Every structure is written in structure tokens, then in C-alpha cells.
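Enquirer: Just dropping this structure here.
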Amino acid sequence: MKDKLYIIKIGGALIDDEGLLNEFLKQFSEIKEKKILVHGGGRLATTLADKLGVKQKMINGRRITDKDTLDIVAMVYAGGINKNIVAKLQQKKCKAIGFSGADANLIKATKREHAEIDFGFVGDIEKKSVNRKLISKLIKLKLVPVFSAITHDKKGNLFNTNADTIASVIAQALSSKYDVELLYCFDKEGVLEDIENPESVIKNISEQEFSVLKNEGKLHKGILPKLENALGAIKNNVNKVFLIKETELKNHIENHHAGTEICL
């Protein structure tokens, strides 16, 4: 029987709220099974860019990462945020260790190619991008990897990479060795049929149901990358995938009835 492994992704709203983050990390640290944490960036990178006068460019909700922006996100994501989370976990007696994809060549990316848009230093990854053997060794040492949203190409370049994708791809890469449960934790109770009604949680979503909801315009833009990555995980042998409210982590681990489950 495979060992259980939780791969848990958190995003900006949680990272930006000190009180919520502390409570979440307390619940995370109490998970007895093997675990990995993946985090996004929050508002800190945008705030620092404004202070430094580095104009941020967005196309269809996606950040264009020029060299100046890359310097900022690398400092903020792989530096300040990652080490802050690791320090808070150490306080809670959780043996966390922080990484970018460049560390020990854990996640190798390729520069995003697009026919019409140059996204700059944005990296795309897939299952084979992940050094699963080394991550497994870290887990065997009873360490808890904490991944930032920074990868590299093994040619000396860093890349800004979507944290939802990093969580999905790590889950896929480790699914042959572990019974992986991937949790996307965010500020909603799950996927909502009515964004204004927190009680309108859709309990289960398949690929077909996702297509219908997307075509009917019932999914807001922020949830689409999570669902696309969640479906990619479940189609590539990740055992369970859920989207849950960040305050419901402990409840979900103990009772398994929070949020939205993604299924085939």
C-alpha cells in the first residue's frame, strides 16, 4: 500500500493576511501524513514593483514577466514569502525546507512560447519537469518541502511559473510512488454555482461538467486555472483532488466533506 501524501497549494489572499496564514500553517503543521506545501505570491510583488517604479503589464489576466519584474518576483516569492512561511512552520515544530525549482534542479521549466505574445520570463512545466526521486528522498528524511512559484531552465535563467500548475505537476510526478491528495486552498467554500452565494458549492465536477460550466460563463476567471490544473492532475493518476476554503483544511483532513471534489 502506498503512503499518503498531501500536496497543498495556497494563494495570495491567505499569504496577505497574517492572522489567517498563521492559523492555516498551524492546521497544516498538525497533518500527520507526509505533505508538501506550494504557495503563490500575494500582493507583495505588485506592491514592491510600484515602490520601485516597475510598471506591471497584464494580458488576459496573465503577468508579463520582464527582467525587472523577474528580479522582483524572485526576491518576493522565493525569498521573503517562502522563508517567512518556512520560519512560521519551524515555530510550529514542522521541519519545513523552502525551495525554488532551481534548488537541486527540482523543477526544470521551458520558456513559454506564444505565437502573438512574449510573456517574458514565464516558464511552463509538465510531469517530467519534476525531480521526483529527490523530492521523495526529502520526504523520507521527514522534511516538509515548501515550493515557491519560481522555476529554472538549467541554463542559468529563472522563470515565474503558475503555482497552481506547480502543485498539479508535482502531484502527477509523485502519484506513482504515493497515494496523492491534491488540495487547492483558497478564499471560497469551493467552486460556486453563484459567486455571490457561498452556499452554492458544487460538490463534484467532472471534465464534462467543467466544459458545460465554462461554456455557460458560470465560472469566474480566477477559478479557471485551478480547475484546469485540477483536471490535469486527476487525469494523470492523482488519487483525489479538492478545491476547499483555506479555513477548512483541518475539517477536510478529518472529515473529507469540505469543498468541491474533481473527478473523471
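In the C-alpha cells, the first chain shown is A, the next is B, and so on; residue numbers restart at 1 for each chain, and ligands run from 1 in the order shown.
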What residues in region 84-189 of chain A get the DSSP label strand (DSSP E)? Please answer as a ChimeraX atom specification.
Expert: /A:96-99,110-111,123-124,144-147,150-152,158-160,178-186
Enquirer: Excluding same-chain residues fewer than 6 positions from Ala13 (chain A), what lies within 8 Å of it counting only C-alpha atoms, as a short mmCIF file (atom, residue, chain, number, x, y, z; two decimals) with C-alpha atoms, in the first residue's frame?
Expert:
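Saved the output as selection_12.cif:
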data_model
loop_
_atom_site.label_atom_id
_atom_site.label_comp_id
_atom_site.auth_asym_id
_atom_site.auth_seq_id
_atom_site.Cartn_x
_atom_site.Cartn_y
_atom_site.Cartn_z
CA GLY A 42 0.08 37.56 -2.98
CA PHE A 186 -8.44 29.50 -1.49
CA ASP A 187 -10.90 32.07 -0.15
#
Enquirer: In terms of the shortest atom-to-atom distance over only C-alpha atoms, which of A:Arg62, A:His39, A:His220, A:His252 is closest to Gln27 (chain A)?
Expert: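 Nearest to Gln27 (chain A): A:His252.
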Enquirer: Would you list the contacts of Ala258 (chain A) as a short mmCIF file (atom, residue, chain, number, x, y, z; two decimals) with N, CA and C atoms, in the first residue's frame, taking every protein, DNA or RNA residue within 10 Å and counting only C-alpha atoms, but skipping same-chain residues closer than 3 positions in sequence?
Expert:
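Once everything was written out, this is result-v2.cif:
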data_model
loop_
_atom_site.label_atom_id
_atom_site.label_comp_id
_atom_site.auth_asym_id
_atom_site.auth_seq_id
_atom_site.Cartn_x
_atom_site.Cartn_y
_atom_site.Cartn_z
N GLU A 189 -15.66 28.71 -0.53
CA GLU A 189 -16.02 27.42 0.08
C GLU A 189 -15.80 26.25 -0.86
N GLY A 190 -15.53 26.53 -2.10
CA GLY A 190 -15.34 25.55 -3.16
C GLY A 190 -15.67 26.24 -4.47
N VAL A 201 -22.15 25.72 -3.30
CA VAL A 201 -20.98 24.91 -3.63
C VAL A 201 -21.38 23.74 -4.54
N LYS A 203 -20.53 20.22 -5.44
CA LYS A 203 -19.79 19.21 -4.67
C LYS A 203 -18.85 18.37 -5.54
N PHE A 242 -9.25 18.20 -4.55
CA PHE A 242 -10.33 19.03 -4.00
C PHE A 242 -9.96 20.51 -4.08
N LEU A 243 -10.98 21.34 -4.21
CA LEU A 243 -10.85 22.79 -4.02
C LEU A 243 -11.62 23.13 -2.75
N ILE A 244 -10.92 23.67 -1.75
CA ILE A 244 -11.56 23.91 -0.45
C ILE A 244 -11.23 25.31 0.07
N LYS A 245 -12.03 25.76 1.00
CA LYS A 245 -11.76 27.03 1.68
C LYS A 245 -10.56 26.84 2.61
N GLU A 248 -10.86 25.63 6.10
CA GLU A 248 -11.46 24.31 6.29
C GLU A 248 -10.45 23.17 6.17
N LEU A 249 -9.16 23.49 6.21
CA LEU A 249 -8.16 22.44 6.00
C LEU A 249 -8.28 21.31 7.03
N LYS A 250 -8.27 21.65 8.30
CA LYS A 250 -8.35 20.63 9.34
C LYS A 250 -9.64 19.82 9.23
N ASN A 251 -10.74 20.50 9.00
CA ASN A 251 -12.04 19.83 8.85
C ASN A 251 -12.01 18.86 7.68
N HIS A 252 -11.39 19.29 6.57
CA HIS A 252 -11.33 18.41 5.40
C HIS A 252 -10.46 17.19 5.67
N ILE A 253 -9.29 17.39 6.28
CA ILE A 253 -8.40 16.27 6.56
C ILE A 253 -9.09 15.24 7.45
N ASN A 255 -12.56 14.96 8.04
CA ASN A 255 -13.91 14.51 7.67
C ASN A 255 -14.17 14.34 6.17
N GLU A 261 -15.00 18.36 -5.05
CA GLU A 261 -14.11 17.29 -5.49
C GLU A 261 -14.09 17.24 -7.01
#
Enquirer: A:Ile117, A:Leu213, A:Val122, A:Leu37: which is nearest Leu143 (chain A), counting only C-alpha atoms?
Expert: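 Answer, going by the shortest atom-to-atom distance: A:Leu37.
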